[in-house]
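Trainee: Submitted below is the structure of interest, expressed as structure tokens.
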Amino acid sequence: MPPSRRKPRSDGPPRLSPRVAANQKNALKIPTTALAFAVACLGIALFSTMDAVVKTLALAIGTYNTLLWRGMASVPLAGLPWLLRRPARPSGRAMRLHVERGAVTAVMAILFFWGLVRVPMAQAVALTFIAPLIALLLAVLLLKEKIGRNAKIGSACGLAGVVVILSGQMQAPPGPEAGIGAVAILLSACCYAYNIILMRRQAQVADPFEVAFFQNVTVTLCLALGAPWVAILPDARHAPLILFGAALASLSLLLLSWAYARAEASYLATVEYTAILWASLLGYWFFGEHLRWSTIVGATLIIGGCLAASRRGQLPVLPGELQA
């Protein structure tokens with residue numbers, strides 16, 4: 001009797017080669033990554049709109065009171081979606097990150113918006129673009145990483161961009177406190193550089209709803225420390241704008257946290273640079289601010305420096321150890 005020609009039984013689906021499996025895995029990642037990029041772009045647009053709202057309020061009631069009352073309005077707006085999900089208690093590591101990032105964000109916000117009242121929006125945003133390069137230096141100092149050739153070139157371009165922006169401001173200063181405002185924004189950029197690192201670490205241990213709620217709580221508590229001495233009750237006519245700014249802040253933070261949890265920071269970093277477009281348009285529409293050539297040239301140098309420093313797919317602000 002001739003041997004059976006039946007095919008051997010298979011206990012499962014056929015095995016794919018490592019190359020084919022990797023290609024399929026990458027193909028599944030593309031839609032999620034593209035969606036994260038789009039969501040991050042929307043988050044930056046809302047953040048820029050919030051900047052214009054806060055600047056309007058700060059000119060009327062002061063920077064501190066604007067941030068304090070906006071924070072108080074943001075806490076319930078961010079807390080309701082989080083509580084409706086019946087969340088579990090945050091871990092100890094997550095709480096430490098929430099408190100740390102909230103404290104850094106409070107200092108960063110006060111410095112940035114105090115400076116924003118004194119300089120044009122586009123110039124303020126352009127100066128904050130130096131943050132990734134500052135974070136590169138922080139990674140070297142704190143994590144003992146080495147700076148490559150591209151990073152050195154990028155840092156030099158970024159520094160040159162800052163010099164160009166400040167030199168343009170000195171030639172035609174928009175106000176007597178413009179120089180101090182620019183310094184405050186640069187100090188805020190230093191805080192934001194560290195905040196970028198915390199953002200990615202935070203996104204790995206907490207969902208966006210938790211991040212948004214606890215950051216608003218921490219920032220508001222930090223600001224409330226000075227309330228007995230400098231807080232004032234704003235006029236009722238400012239309430240709608242305060243609520244609008246709070247809603248924009250909560251929604252933009254939620255969108256960015258969602259995006260950073262689903263895509264690498266090296267991919268999303270370029271999204272930050274779209275803020276210069278929104279700042280230019282909003283500054284012109286609401287405050288009559290004209291975009292200077294020095295701001296354009298300086299922003300181009302800073303952006304080019306950041307892109308040069310982040311070649312080979314590794315953004316210097318977020319080493320692999322912190323992304324894990």
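Starting from 1 in every chain, residues are counted up; chains themselves are A, B, ... following the order of the structure tokens, and ligands are numbered from 1 as listed.
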Write out as number ranges by chain the residues lying within 12 Å of Ile165 of chain A, counting only C-alpha atoms and excluding same-chain residues fewer than 2 positions away.

Mentor: A: 119-120, 122-130, 158-163, 167-173, 179, 182-183, 186, 291-302

Trainee: Next, dump the selected residues to file, keeping only C-alpha atoms, as a tab-separated table (two decimals), in the first residue's frame.

Mentor:
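Output file out.tsv is given in full below:
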```
chain	number	residue	atom	x	y	z
A	119	VAL	CA	7.13	90.89	24.06
A	120	PRO	CA	5.27	89.93	20.84
A	122	ALA	CA	5.82	85.22	17.80
A	123	GLN	CA	9.07	86.35	19.40
A	124	ALA	CA	8.17	84.72	22.72
A	125	VAL	CA	7.34	81.40	21.06
A	126	ALA	CA	10.50	81.54	18.94
A	127	LEU	CA	12.63	81.93	22.06
A	128	THR	CA	11.00	78.88	23.66
A	129	PHE	CA	12.19	76.76	20.73
A	130	ILE	CA	15.62	76.73	22.36
A	158	GLY	CA	20.23	77.53	18.26
A	159	LEU	CA	22.42	79.96	20.19
A	160	ALA	CA	22.89	82.03	17.04
A	161	GLY	CA	19.11	82.12	16.57
A	162	VAL	CA	18.59	83.46	20.08
A	163	VAL	CA	21.21	86.16	19.48
A	167	SER	CA	19.48	91.78	18.55
A	168	GLY	CA	16.35	92.55	16.52
A	169	GLN	CA	14.54	93.39	19.73
A	170	MET	CA	17.29	95.77	20.84
A	171	GLN	CA	17.11	97.66	17.55
A	172	ALA	CA	13.36	98.30	17.85
A	173	PRO	CA	12.21	97.46	21.38
A	179	GLY	CA	14.52	92.88	27.52
A	182	ALA	CA	12.82	88.05	26.88
A	183	VAL	CA	15.06	86.89	29.75
A	186	LEU	CA	14.45	82.09	28.20
A	291	LEU	CA	6.33	89.65	12.55
A	292	ARG	CA	9.95	90.84	12.36
A	293	TRP	CA	12.60	89.50	10.03
A	294	SER	CA	14.88	88.95	13.03
A	295	THR	CA	12.25	86.68	14.57
A	296	ILE	CA	11.87	84.70	11.34
A	297	VAL	CA	15.64	84.30	10.86
A	298	GLY	CA	16.20	83.47	14.52
A	299	ALA	CA	13.39	80.94	14.63
A	300	THR	CA	14.73	79.30	11.45
A	301	LEU	CA	18.20	78.96	12.98
A	302	ILE	CA	16.81	77.50	16.22
```

Trainee: Give me the residues of segment 160-265 of chain A that have any atom at most 10 Å from an atom of segment 80-102 of chain A; for each, the nearest atom pair and the distance in Å, rounded to one decimal. Use only C-alpha atoms, sort by chain and number, and format it as JSON lines.

Mentor:
```
{"residue": "A:Cys191", "atom": "CA", "partner": "A:Arg101", "partner_atom": "CA", "distance": 9.8}
{"residue": "A:Tyr192", "atom": "CA", "partner": "A:Arg101", "partner_atom": "CA", "distance": 9.9}
{"residue": "A:Tyr194", "atom": "CA", "partner": "A:Arg101", "partner_atom": "CA", "distance": 8.8}
{"residue": "A:Asn195", "atom": "CA", "partner": "A:Arg101", "partner_atom": "CA", "distance": 6.4}
{"residue": "A:Ile196", "atom": "CA", "partner": "A:Arg101", "partner_atom": "CA", "distance": 9.5}
{"residue": "A:Ile197", "atom": "CA", "partner": "A:Arg101", "partner_atom": "CA", "distance": 9.5}
{"residue": "A:Leu198", "atom": "CA", "partner": "A:Arg101", "partner_atom": "CA", "distance": 6.3}
{"residue": "A:Met199", "atom": "CA", "partner": "A:Arg101", "partner_atom": "CA", "distance": 7.7}
{"residue": "A:Arg201", "atom": "CA", "partner": "A:Leu97", "partner_atom": "CA", "distance": 7.9}
{"residue": "A:Gln202", "atom": "CA", "partner": "A:Leu97", "partner_atom": "CA", "distance": 6.2}
{"residue": "A:Ala203", "atom": "CA", "partner": "A:Ala94", "partner_atom": "CA", "distance": 9.4}
{"residue": "A:Gln204", "atom": "CA", "partner": "A:Ala94", "partner_atom": "CA", "distance": 9.2}
{"residue": "A:Val205", "atom": "CA", "partner": "A:Ala94", "partner_atom": "CA", "distance": 6.0}
{"residue": "A:Ala206", "atom": "CA", "partner": "A:Ala94", "partner_atom": "CA", "distance": 6.6}
{"residue": "A:Asp207", "atom": "CA", "partner": "A:Trp82", "partner_atom": "CA", "distance": 9.4}
{"residue": "A:Pro208", "atom": "CA", "partner": "A:Trp82", "partner_atom": "CA", "distance": 8.9}
{"residue": "A:Phe209", "atom": "CA", "partner": "A:Trp82", "partner_atom": "CA", "distance": 5.1}
{"residue": "A:Glu210", "atom": "CA", "partner": "A:Trp82", "partner_atom": "CA", "distance": 6.1}
{"residue": "A:Val211", "atom": "CA", "partner": "A:His98", "partner_atom": "CA", "distance": 7.0}
{"residue": "A:Ala212", "atom": "CA", "partner": "A:Trp82", "partner_atom": "CA", "distance": 8.6}
{"residue": "A:Phe213", "atom": "CA", "partner": "A:Trp82", "partner_atom": "CA", "distance": 7.0}
{"residue": "A:Phe214", "atom": "CA", "partner": "A:His98", "partner_atom": "CA", "distance": 6.0}
{"residue": "A:Gln215", "atom": "CA", "partner": "A:Gly102", "partner_atom": "CA", "distance": 4.9}
{"residue": "A:Asn216", "atom": "CA", "partner": "A:Gly102", "partner_atom": "CA", "distance": 7.3}
{"residue": "A:Val217", "atom": "CA", "partner": "A:Gly102", "partner_atom": "CA", "distance": 7.9}
{"residue": "A:Thr218", "atom": "CA", "partner": "A:Gly102", "partner_atom": "CA", "distance": 5.0}
{"residue": "A:Val219", "atom": "CA", "partner": "A:Gly102", "partner_atom": "CA", "distance": 5.0}
{"residue": "A:Thr220", "atom": "CA", "partner": "A:Gly102", "partner_atom": "CA", "distance": 8.7}
{"residue": "A:Leu221", "atom": "CA", "partner": "A:Gly102", "partner_atom": "CA", "distance": 9.2}
{"residue": "A:Cys222", "atom": "CA", "partner": "A:Gly102", "partner_atom": "CA", "distance": 8.2}
```

Trainee: Could you tell me how far atom CA of Met121 of chain A lies from atom CA of Gly283 of chain A, in Å and to one decimal?

Mentor: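 Between atom CA of Met121 of chain A and atom CA of Gly283 of chain A the gap works out to 5.5 Å.
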
Trainee: Hey, what's within 6 Å of Gly115 of chain A if we count only C-alpha atoms and toss same-chain stuff fewer than 6 positions away? As a list in words, please?

Mentor: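 Surrounding residues, per the criterion: Gly181, Ala184 and Ile185 of chain A.
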
Trainee: Record the distance separating atom CA of Leu241 of chain A and atom CA of Cys190 of chain A, expressed in Å with one decimal.

Mentor: 28.8 Å

Trainee: Give the answer as one residue: which of A:Ala131, A:Ala236, A:Leu251, A:Leu59 has the shortest atom-to-atom distance to Phe113 of chain A, using only C-alpha atoms?

Mentor: A:Leu59

Trainee: Env of Ile153 of chain A: 12 Å cut, atoms = only C-alpha atoms, seq-sep filter 2 positions within chain, self excluded. Answer as a list in words.

Mentor: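 Here the qualifying residues turn out to be Leu133, Ile147, Gly148, Arg149, Asn150, Ala151, Ser155, Ala156, Cys157, Gly158, Leu159, Ala160, Leu301, Ile302, Gly304, Gly305, Cys306, Leu307, Ala308, Ala309, Ser310 and Arg311 of chain A.
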
Trainee: Take the selection from the previous step and output its residues with C-alpha atoms, as a PDB file, in the first residue's frame.

Mentor:
```pdb
ATOM      1  CA  LEU A 133      18.749  72.210  22.913  1.00  0.00           C
ATOM      2  CA  ILE A 147      27.479  65.311  22.658  1.00  0.00           C
ATOM      3  CA  GLY A 148      27.934  64.261  19.041  1.00  0.00           C
ATOM      4  CA  ARG A 149      29.006  66.427  16.126  1.00  0.00           C
ATOM      5  CA  ASN A 150      25.432  67.062  14.980  1.00  0.00           C
ATOM      6  CA  ALA A 151      24.407  68.094  18.467  1.00  0.00           C
ATOM      7  CA  SER A 155      23.491  73.929  19.664  1.00  0.00           C
ATOM      8  CA  ALA A 156      25.584  76.554  17.876  1.00  0.00           C
ATOM      9  CA  CYS A 157      22.719  77.256  15.436  1.00  0.00           C
ATOM     10  CA  GLY A 158      20.233  77.526  18.265  1.00  0.00           C
ATOM     11  CA  LEU A 159      22.420  79.956  20.185  1.00  0.00           C
ATOM     12  CA  ALA A 160      22.890  82.029  17.038  1.00  0.00           C
ATOM     13  CA  LEU A 301      18.195  78.958  12.984  1.00  0.00           C
ATOM     14  CA  ILE A 302      16.813  77.502  16.221  1.00  0.00           C
ATOM     15  CA  GLY A 304      17.349  74.019  12.089  1.00  0.00           C
ATOM     16  CA  GLY A 305      19.603  73.496  15.085  1.00  0.00           C
ATOM     17  CA  CYS A 306      17.041  71.281  16.796  1.00  0.00           C
ATOM     18  CA  LEU A 307      16.562  69.202  13.665  1.00  0.00           C
ATOM     19  CA  ALA A 308      20.313  68.872  13.161  1.00  0.00           C
ATOM     20  CA  ALA A 309      20.801  67.763  16.758  1.00  0.00           C
ATOM     21  CA  SER A 310      18.022  65.174  16.461  1.00  0.00           C
ATOM     22  CA  ARG A 311      19.301  63.378  13.352  1.00  0.00           C
TER      23      ARG A 311
END
```

Trainee: Kindly give the distance, in Å, that separates atom CA of Ile276 of chain A and atom CA of Ile303 of chain A, rounded to a single decimal.

Mentor: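 Calculated distance between atom CA of Ile276 of chain A and atom CA of Ile303 of chain A is 10.5 Å.
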
Trainee: Output as a PyMOL selection string all residues of segment 94-187 of chain A that backbone DSSP marks as alpha helix (DSSP H).

Mentor: chain A and resi 94-116+121-128+131-143+149-171+178-187

Trainee: With C-alpha atoms kept, could you save the residues just selected as a PDB file, in the first residue's frame?

Mentor:
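Writing done, so here's selection_34.pdb:
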```pdb
ATOM      1  CA  ALA A  94       3.069  58.437  39.235  1.00  0.00           C
ATOM      2  CA  MET A  95       2.264  60.804  42.111  1.00  0.00           C
ATOM      3  CA  ARG A  96       5.892  61.846  42.414  1.00  0.00           C
ATOM      4  CA  LEU A  97       5.961  62.657  38.703  1.00  0.00           C
ATOM      5  CA  HIS A  98       2.659  64.556  38.937  1.00  0.00           C
ATOM      6  CA  VAL A  99       3.948  66.730  41.781  1.00  0.00           C
ATOM      7  CA  GLU A 100       7.346  67.274  40.208  1.00  0.00           C
ATOM      8  CA  ARG A 101       5.994  68.214  36.807  1.00  0.00           C
ATOM      9  CA  GLY A 102       3.269  70.378  38.314  1.00  0.00           C
ATOM     10  CA  ALA A 103       5.793  72.395  40.338  1.00  0.00           C
ATOM     11  CA  VAL A 104       8.060  72.841  37.309  1.00  0.00           C
ATOM     12  CA  THR A 105       5.076  73.831  35.169  1.00  0.00           C
ATOM     13  CA  ALA A 106       3.976  76.462  37.699  1.00  0.00           C
ATOM     14  CA  VAL A 107       7.357  78.206  37.583  1.00  0.00           C
ATOM     15  CA  MET A 108       7.512  77.810  33.810  1.00  0.00           C
ATOM     16  CA  ALA A 109       4.049  79.325  33.321  1.00  0.00           C
ATOM     17  CA  ILE A 110       4.670  82.362  35.515  1.00  0.00           C
ATOM     18  CA  LEU A 111       7.943  83.157  33.745  1.00  0.00           C
ATOM     19  CA  PHE A 112       6.534  82.615  30.263  1.00  0.00           C
ATOM     20  CA  PHE A 113       3.309  84.587  30.609  1.00  0.00           C
ATOM     21  CA  TRP A 114       5.003  87.401  32.528  1.00  0.00           C
ATOM     22  CA  GLY A 115       7.373  87.703  29.594  1.00  0.00           C
ATOM     23  CA  LEU A 116       4.614  87.233  27.023  1.00  0.00           C
ATOM     24  CA  MET A 121       3.781  86.432  20.782  1.00  0.00           C
ATOM     25  CA  ALA A 122       5.822  85.221  17.803  1.00  0.00           C
ATOM     26  CA  GLN A 123       9.073  86.347  19.404  1.00  0.00           C
ATOM     27  CA  ALA A 124       8.172  84.721  22.716  1.00  0.00           C
ATOM     28  CA  VAL A 125       7.343  81.404  21.060  1.00  0.00           C
ATOM     29  CA  ALA A 126      10.499  81.536  18.937  1.00  0.00           C
ATOM     30  CA  LEU A 127      12.632  81.933  22.062  1.00  0.00           C
ATOM     31  CA  THR A 128      10.996  78.882  23.664  1.00  0.00           C
ATOM     32  CA  ALA A 131      14.205  74.347  24.997  1.00  0.00           C
ATOM     33  CA  PRO A 132      15.136  71.080  23.185  1.00  0.00           C
ATOM     34  CA  LEU A 133      18.749  72.210  22.913  1.00  0.00           C
ATOM     35  CA  ILE A 134      18.783  73.204  26.573  1.00  0.00           C
ATOM     36  CA  ALA A 135      17.394  69.755  27.348  1.00  0.00           C
ATOM     37  CA  LEU A 136      20.300  68.298  25.377  1.00  0.00           C
ATOM     38  CA  LEU A 137      22.697  70.001  27.779  1.00  0.00           C
ATOM     39  CA  LEU A 138      20.649  68.760  30.729  1.00  0.00           C
ATOM     40  CA  ALA A 139      20.943  65.205  29.412  1.00  0.00           C
ATOM     41  CA  VAL A 140      24.713  65.646  29.275  1.00  0.00           C
ATOM     42  CA  LEU A 141      24.943  67.080  32.775  1.00  0.00           C
ATOM     43  CA  LEU A 142      22.411  64.805  34.487  1.00  0.00           C
ATOM     44  CA  LEU A 143      22.871  61.570  32.521  1.00  0.00           C
ATOM     45  CA  ARG A 149      29.006  66.427  16.126  1.00  0.00           C
ATOM     46  CA  ASN A 150      25.432  67.062  14.980  1.00  0.00           C
ATOM     47  CA  ALA A 151      24.407  68.094  18.467  1.00  0.00           C
ATOM     48  CA  LYS A 152      27.272  70.585  18.680  1.00  0.00           C
ATOM     49  CA  ILE A 153      26.315  72.110  15.331  1.00  0.00           C
ATOM     50  CA  GLY A 154      22.662  72.238  16.364  1.00  0.00           C
ATOM     51  CA  SER A 155      23.491  73.929  19.664  1.00  0.00           C
ATOM     52  CA  ALA A 156      25.584  76.554  17.876  1.00  0.00           C
ATOM     53  CA  CYS A 157      22.719  77.256  15.436  1.00  0.00           C
ATOM     54  CA  GLY A 158      20.233  77.526  18.265  1.00  0.00           C
ATOM     55  CA  LEU A 159      22.420  79.956  20.185  1.00  0.00           C
ATOM     56  CA  ALA A 160      22.890  82.029  17.038  1.00  0.00           C
ATOM     57  CA  GLY A 161      19.115  82.123  16.574  1.00  0.00           C
ATOM     58  CA  VAL A 162      18.586  83.461  20.083  1.00  0.00           C
ATOM     59  CA  VAL A 163      21.205  86.158  19.479  1.00  0.00           C
ATOM     60  CA  VAL A 164      19.518  87.203  16.231  1.00  0.00           C
ATOM     61  CA  ILE A 165      16.097  87.479  17.904  1.00  0.00           C
ATOM     62  CA  LEU A 166      17.441  89.499  20.827  1.00  0.00           C
ATOM     63  CA  SER A 167      19.476  91.777  18.549  1.00  0.00           C
ATOM     64  CA  GLY A 168      16.350  92.550  16.524  1.00  0.00           C
ATOM     65  CA  GLN A 169      14.535  93.389  19.729  1.00  0.00           C
ATOM     66  CA  MET A 170      17.287  95.767  20.837  1.00  0.00           C
ATOM     67  CA  GLN A 171      17.106  97.658  17.550  1.00  0.00           C
ATOM     68  CA  ALA A 178      10.973  93.966  26.637  1.00  0.00           C
ATOM     69  CA  GLY A 179      14.516  92.881  27.517  1.00  0.00           C
ATOM     70  CA  ILE A 180      13.488  91.597  30.940  1.00  0.00           C
ATOM     71  CA  GLY A 181      10.535  89.839  29.343  1.00  0.00           C
ATOM     72  CA  ALA A 182      12.821  88.051  26.884  1.00  0.00           C
ATOM     73  CA  VAL A 183      15.056  86.888  29.748  1.00  0.00           C
ATOM     74  CA  ALA A 184      12.008  85.567  31.620  1.00  0.00           C
ATOM     75  CA  ILE A 185      10.964  83.578  28.547  1.00  0.00           C
ATOM     76  CA  LEU A 186      14.448  82.089  28.200  1.00  0.00           C
ATOM     77  CA  LEU A 187      14.326  81.028  31.862  1.00  0.00           C
TER      78      LEU A 187
END
```

Trainee: Given the choices A:Ser257, A:Thr56, A:Ser74, A:Ser250, which gets closest to Val117 of chain A if the distance is worked out from only C-alpha atoms?

Mentor: A:Thr56

Trainee: As a ChimeraX atom specification, please: the residues near Leu233 of chain A (cut-off 10 Å, only C-alpha atoms, same-chain neighbours under 6 positions excluded).

Mentor: /A:61,65,69

Trainee: Keeping only N, CA and C atoms, write the selected residues as a compact mmCIF listing (two decimals), in the first residue's frame.

Mentor:
```txt
# COMPACT_ATOMS: atom_id res chain seq x y z
N ILE A 61 -5.80 91.94 34.30
CA ILE A 61 -5.81 91.67 35.75
C ILE A 61 -4.47 91.19 36.28
N ASN A 65 -2.77 86.62 38.80
CA ASN A 65 -4.20 86.39 39.00
C ASN A 65 -4.83 85.67 37.82
N TRP A 69 -6.68 82.08 38.74
CA TRP A 69 -8.11 81.83 38.51
C TRP A 69 -8.34 80.88 37.34
```
